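Accompanying notes for the structure given below.
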Amino acid sequence: MNQKKIGSFLRELRKEKGMTQEQLGEVLGVSGRTVSRWETGFNMPDLSILIQIADYYDVEIREILDGERRNEDMDKEMKETLSKAADYSNLEKQQLTRRMCILFITGTITATIYIFLEFFLELSTPALDFVKGMVLGYSYAMLIGGILFTSGVMFKLKAGKKKLLTKLSH
C-alpha cells in the first residue's frame with residue numbers, strides 16, 4: 001500500500017469537488033491539518049473515516065487503497081480473463097469426466113468378461129488362463145486409475161512430475 005499514492009488520489013478527489021482541506025475536514029469532522037497529512041501520505045484515515053470518504057466521493061474503498069480509479073477497460077479485461085479461465089477449467093473438467101467414464105466403462109466390460117471366462121467357461125488352458133489374468137489385471141488397473149483420479153492423487157502426481165521436470169531442465 002503506497003501512502004503517497006493514496007494521498008495524491010485523495011487530493012485529486014478533493015480538488016475535483018472544488019473544496020479546500022478545511023472544508024473537507026468540516027464535512028468529515030476532522031481538522032484541515034489532518035486532511036493535509038492524509039494527502040501528503042504522512043498519515044492514513046481511520047477505517048470509519050475511509051468509509052465516509054468513499055461514500056462522499058462516490059468511489060470504492062478499494063480504489064482509495066489502490067490510489068487510483070478503476071478503469072472500465074481493466075474491468076472488462078479482467079472479466080474476459082476470468083471468463084476464459086472459467087471456460088478452460090470447465091473444459092478440463094469435461095475432459096476428465098470423459099476419461100473417467102471411459103475408464104469406468106472399459107473396467108466394467110473387462111470385469112464382466114473376466115466373470116464370464118472364470119465362471120461360465122468350462123475350459124482351462126494356459127492361453128485362456130493368460131487371457132483371464134490380463135482381463136483381471138486390466139480391470140484392477142482401471143479401478144486403481146479411477147480411485148487415483150477421483151481422490152485427486154493423480155493431479156498431485158502430475159504437479160510433482162512437472163516440478164521435477166522443471167528442476168531437471170534448469
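Please note that chains go A, B, ... in the order of the C-alpha cells, that every chain numbers its residues from 1, and that ligands are numbered from 1 in the order shown.
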Taking the DSSP assignment computed from this structure's backbone, write out as a PDB file with C-alpha atoms, in the first residue's frame all residues of chain A that belong to helix (DSSP H, G or I).
```
ATOM      1  CA  GLN A   3       0.524   6.034   1.213  1.00  0.00           C
ATOM      2  CA  LYS A   4       1.861   8.790  -1.042  1.00  0.00           C
ATOM      3  CA  LYS A   5      -0.143   7.465  -3.989  1.00  0.00           C
ATOM      4  CA  ILE A   6      -3.241   7.218  -1.813  1.00  0.00           C
ATOM      5  CA  GLY A   7      -2.642  10.770  -0.583  1.00  0.00           C
ATOM      6  CA  SER A   8      -2.319  12.082  -4.131  1.00  0.00           C
ATOM      7  CA  PHE A   9      -5.548  10.326  -5.070  1.00  0.00           C
ATOM      8  CA  LEU A  10      -7.342  11.828  -2.061  1.00  0.00           C
ATOM      9  CA  ARG A  11      -6.057  15.290  -3.059  1.00  0.00           C
ATOM     10  CA  GLU A  12      -7.264  14.741  -6.619  1.00  0.00           C
ATOM     11  CA  LEU A  13     -10.721  13.709  -5.397  1.00  0.00           C
ATOM     12  CA  ARG A  14     -10.940  16.773  -3.119  1.00  0.00           C
ATOM     13  CA  LYS A  15      -9.906  19.120  -5.917  1.00  0.00           C
ATOM     14  CA  GLU A  16     -12.492  17.587  -8.271  1.00  0.00           C
ATOM     15  CA  GLN A  21      -8.727  20.906   3.054  1.00  0.00           C
ATOM     16  CA  GLU A  22     -10.550  22.804   5.786  1.00  0.00           C
ATOM     17  CA  GLN A  23     -13.925  22.390   4.064  1.00  0.00           C
ATOM     18  CA  LEU A  24     -13.389  18.647   3.650  1.00  0.00           C
ATOM     19  CA  GLY A  25     -12.256  18.428   7.266  1.00  0.00           C
ATOM     20  CA  GLU A  26     -15.535  20.038   8.377  1.00  0.00           C
ATOM     21  CA  VAL A  27     -17.552  17.545   6.328  1.00  0.00           C
ATOM     22  CA  LEU A  28     -15.644  14.598   7.823  1.00  0.00           C
ATOM     23  CA  GLY A  32      -7.772  20.648   7.861  1.00  0.00           C
ATOM     24  CA  ARG A  33      -4.332  19.665   9.124  1.00  0.00           C
ATOM     25  CA  THR A  34      -5.449  16.018   9.352  1.00  0.00           C
ATOM     26  CA  VAL A  35      -6.641  16.156   5.741  1.00  0.00           C
ATOM     27  CA  SER A  36      -3.267  17.642   4.793  1.00  0.00           C
ATOM     28  CA  ARG A  37      -1.449  14.735   6.470  1.00  0.00           C
ATOM     29  CA  TRP A  38      -3.563  12.243   4.540  1.00  0.00           C
ATOM     30  CA  GLU A  39      -2.880  13.978   1.243  1.00  0.00           C
ATOM     31  CA  THR A  40       0.879  14.108   1.821  1.00  0.00           C
ATOM     32  CA  LEU A  47     -11.344   2.895   8.603  1.00  0.00           C
ATOM     33  CA  SER A  48     -14.555   4.618   9.678  1.00  0.00           C
ATOM     34  CA  ILE A  49     -13.424   7.866   8.019  1.00  0.00           C
ATOM     35  CA  LEU A  50     -12.208   5.943   4.974  1.00  0.00           C
ATOM     36  CA  ILE A  51     -15.750   4.638   4.543  1.00  0.00           C
ATOM     37  CA  GLN A  52     -17.114   8.197   4.840  1.00  0.00           C
ATOM     38  CA  ILE A  53     -14.583   9.423   2.248  1.00  0.00           C
ATOM     39  CA  ALA A  54     -15.548   6.636  -0.176  1.00  0.00           C
ATOM     40  CA  ASP A  55     -19.240   7.473   0.241  1.00  0.00           C
ATOM     41  CA  TYR A  56     -18.645  11.206  -0.076  1.00  0.00           C
ATOM     42  CA  TYR A  57     -16.565  10.916  -3.257  1.00  0.00           C
ATOM     43  CA  ILE A  61     -12.626   1.846  -0.759  1.00  0.00           C
ATOM     44  CA  ARG A  62     -10.515  -0.425  -2.955  1.00  0.00           C
ATOM     45  CA  GLU A  63      -9.942   2.470  -5.348  1.00  0.00           C
ATOM     46  CA  ILE A  64      -8.748   4.650  -2.470  1.00  0.00           C
ATOM     47  CA  LEU A  65      -6.426   1.930  -1.201  1.00  0.00           C
ATOM     48  CA  ASP A  66      -5.093   1.385  -4.734  1.00  0.00           C
ATOM     49  CA  GLU A  72     -13.617   0.236 -17.101  1.00  0.00           C
ATOM     50  CA  ASP A  73     -11.327  -1.260 -19.741  1.00  0.00           C
ATOM     51  CA  MET A  74      -9.406  -3.009 -16.970  1.00  0.00           C
ATOM     52  CA  ASP A  75     -12.698  -4.328 -15.564  1.00  0.00           C
ATOM     53  CA  LYS A  76     -13.712  -5.655 -18.988  1.00  0.00           C
ATOM     54  CA  GLU A  77     -10.291  -7.252 -19.494  1.00  0.00           C
ATOM     55  CA  MET A  78     -10.442  -8.788 -16.031  1.00  0.00           C
ATOM     56  CA  LYS A  79     -13.918 -10.192 -16.692  1.00  0.00           C
ATOM     57  CA  GLU A  80     -12.798 -11.598 -20.044  1.00  0.00           C
ATOM     58  CA  THR A  81      -9.720 -13.178 -18.470  1.00  0.00           C
ATOM     59  CA  LEU A  82     -11.761 -14.694 -15.647  1.00  0.00           C
ATOM     60  CA  SER A  83     -14.320 -15.926 -18.153  1.00  0.00           C
ATOM     61  CA  LYS A  84     -11.613 -17.584 -20.246  1.00  0.00           C
ATOM     62  CA  ALA A  85     -10.088 -19.156 -17.137  1.00  0.00           C
ATOM     63  CA  ALA A  86     -13.505 -20.489 -16.102  1.00  0.00           C
ATOM     64  CA  ASP A  87     -14.125 -21.869 -19.603  1.00  0.00           C
ATOM     65  CA  TYR A  88     -10.709 -23.547 -19.566  1.00  0.00           C
ATOM     66  CA  SER A  89     -11.423 -25.033 -16.146  1.00  0.00           C
ATOM     67  CA  ASN A  90     -14.801 -26.331 -17.342  1.00  0.00           C
ATOM     68  CA  LEU A  91     -13.174 -27.843 -20.419  1.00  0.00           C
ATOM     69  CA  GLU A  92     -10.619 -29.637 -18.242  1.00  0.00           C
ATOM     70  CA  LYS A  93     -13.415 -30.964 -16.017  1.00  0.00           C
ATOM     71  CA  GLN A  94     -15.352 -32.201 -19.041  1.00  0.00           C
ATOM     72  CA  GLN A  95     -12.272 -33.957 -20.402  1.00  0.00           C
ATOM     73  CA  LEU A  96     -11.608 -35.543 -17.018  1.00  0.00           C
ATOM     74  CA  THR A  97     -15.234 -36.677 -16.783  1.00  0.00           C
ATOM     75  CA  ARG A  98     -14.999 -38.266 -20.249  1.00  0.00           C
ATOM     76  CA  ARG A  99     -11.782 -40.048 -19.295  1.00  0.00           C
ATOM     77  CA  MET A 100     -13.340 -41.290 -16.086  1.00  0.00           C
ATOM     78  CA  CYS A 101     -16.381 -42.584 -17.985  1.00  0.00           C
ATOM     79  CA  ILE A 102     -14.145 -44.392 -20.452  1.00  0.00           C
ATOM     80  CA  LEU A 103     -12.097 -45.927 -17.621  1.00  0.00           C
ATOM     81  CA  PHE A 104     -15.248 -46.998 -15.798  1.00  0.00           C
ATOM     82  CA  ILE A 105     -16.868 -48.481 -18.897  1.00  0.00           C
ATOM     83  CA  THR A 106     -13.765 -50.369 -20.010  1.00  0.00           C
ATOM     84  CA  GLY A 107     -13.167 -51.569 -16.448  1.00  0.00           C
ATOM     85  CA  THR A 108     -16.772 -52.786 -16.199  1.00  0.00           C
ATOM     86  CA  ILE A 109     -16.566 -54.524 -19.563  1.00  0.00           C
ATOM     87  CA  THR A 110     -13.315 -56.279 -18.715  1.00  0.00           C
ATOM     88  CA  ALA A 111     -14.637 -57.293 -15.277  1.00  0.00           C
ATOM     89  CA  THR A 112     -17.709 -58.751 -16.996  1.00  0.00           C
ATOM     90  CA  ILE A 113     -15.500 -60.618 -19.472  1.00  0.00           C
ATOM     91  CA  TYR A 114     -13.428 -61.986 -16.588  1.00  0.00           C
ATOM     92  CA  ILE A 115     -16.536 -63.157 -14.722  1.00  0.00           C
ATOM     93  CA  PHE A 116     -17.808 -64.828 -17.889  1.00  0.00           C
ATOM     94  CA  LEU A 117     -14.469 -66.535 -18.553  1.00  0.00           C
ATOM     95  CA  GLU A 118     -13.998 -67.628 -14.952  1.00  0.00           C
ATOM     96  CA  PHE A 119     -17.462 -68.864 -14.069  1.00  0.00           C
ATOM     97  CA  PHE A 120     -19.246 -69.766 -17.295  1.00  0.00           C
ATOM     98  CA  PRO A 126      -2.731 -71.896 -20.401  1.00  0.00           C
ATOM     99  CA  ALA A 127      -3.735 -69.392 -23.092  1.00  0.00           C
ATOM    100  CA  LEU A 128      -7.182 -68.913 -21.532  1.00  0.00           C
ATOM    101  CA  ASP A 129      -5.651 -68.531 -18.072  1.00  0.00           C
ATOM    102  CA  PHE A 130      -3.319 -65.904 -19.519  1.00  0.00           C
ATOM    103  CA  VAL A 131      -6.290 -64.015 -21.050  1.00  0.00           C
ATOM    104  CA  LYS A 132      -8.175 -64.229 -17.735  1.00  0.00           C
ATOM    105  CA  GLY A 133      -5.162 -62.811 -15.911  1.00  0.00           C
ATOM    106  CA  MET A 134      -4.804 -59.981 -18.426  1.00  0.00           C
ATOM    107  CA  VAL A 135      -8.503 -59.100 -18.232  1.00  0.00           C
ATOM    108  CA  LEU A 136      -8.468 -59.191 -14.416  1.00  0.00           C
ATOM    109  CA  GLY A 137      -5.295 -57.090 -14.339  1.00  0.00           C
ATOM    110  CA  TYR A 138      -6.828 -54.535 -16.692  1.00  0.00           C
ATOM    111  CA  SER A 139      -9.963 -54.363 -14.520  1.00  0.00           C
ATOM    112  CA  TYR A 140      -7.843 -53.722 -11.419  1.00  0.00           C
ATOM    113  CA  ALA A 141      -5.799 -51.097 -13.280  1.00  0.00           C
ATOM    114  CA  MET A 142      -8.973 -49.268 -14.294  1.00  0.00           C
ATOM    115  CA  LEU A 143     -10.252 -49.428 -10.711  1.00  0.00           C
ATOM    116  CA  ILE A 144      -6.987 -48.069  -9.308  1.00  0.00           C
ATOM    117  CA  GLY A 145      -6.837 -45.398 -12.031  1.00  0.00           C
ATOM    118  CA  GLY A 146     -10.376 -44.311 -11.177  1.00  0.00           C
ATOM    119  CA  ILE A 147      -9.524 -44.099  -7.488  1.00  0.00           C
ATOM    120  CA  LEU A 148      -6.381 -42.045  -8.211  1.00  0.00           C
ATOM    121  CA  PHE A 149      -8.318 -39.621 -10.424  1.00  0.00           C
ATOM    122  CA  THR A 150     -11.284 -39.138  -8.123  1.00  0.00           C
ATOM    123  CA  SER A 151      -9.166 -38.760  -4.981  1.00  0.00           C
ATOM    124  CA  VAL A 153      -3.798 -38.046  -6.158  1.00  0.00           C
ATOM    125  CA  MET A 154      -3.294 -38.097  -9.921  1.00  0.00           C
ATOM    126  CA  PHE A 155      -3.255 -34.289 -10.043  1.00  0.00           C
ATOM    127  CA  LYS A 156      -0.673 -34.191  -7.253  1.00  0.00           C
ATOM    128  CA  LEU A 157       1.457 -36.711  -9.128  1.00  0.00           C
ATOM    129  CA  LYS A 158       1.203 -34.611 -12.308  1.00  0.00           C
ATOM    130  CA  ALA A 159       2.165 -31.445 -10.420  1.00  0.00           C
ATOM    131  CA  GLY A 160       5.135 -33.228  -8.825  1.00  0.00           C
ATOM    132  CA  LYS A 161       6.212 -34.521 -12.226  1.00  0.00           C
ATOM    133  CA  LYS A 162       6.087 -31.002 -13.723  1.00  0.00           C
ATOM    134  CA  LYS A 163       8.044 -29.633 -10.796  1.00  0.00           C
ATOM    135  CA  LEU A 164      10.695 -32.334 -11.134  1.00  0.00           C
ATOM    136  CA  LEU A 165      10.991 -31.828 -14.895  1.00  0.00           C
ATOM    137  CA  THR A 166      11.321 -28.081 -14.390  1.00  0.00           C
ATOM    138  CA  LYS A 167      14.125 -28.589 -11.885  1.00  0.00           C
ATOM    139  CA  LEU A 168      15.903 -31.057 -14.161  1.00  0.00           C
ATOM    140  CA  SER A 169      15.663 -28.762 -17.188  1.00  0.00           C
TER     141      SER A 169
END
```
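Between atom CA of Asn43 of chain A and atom CA of Asp58 of chain A the interatomic distance comes to 21.7 Å.
Atom CA of Met1 of chain A is positioned 23.0 Å from atom CA of Val30 of chain A.
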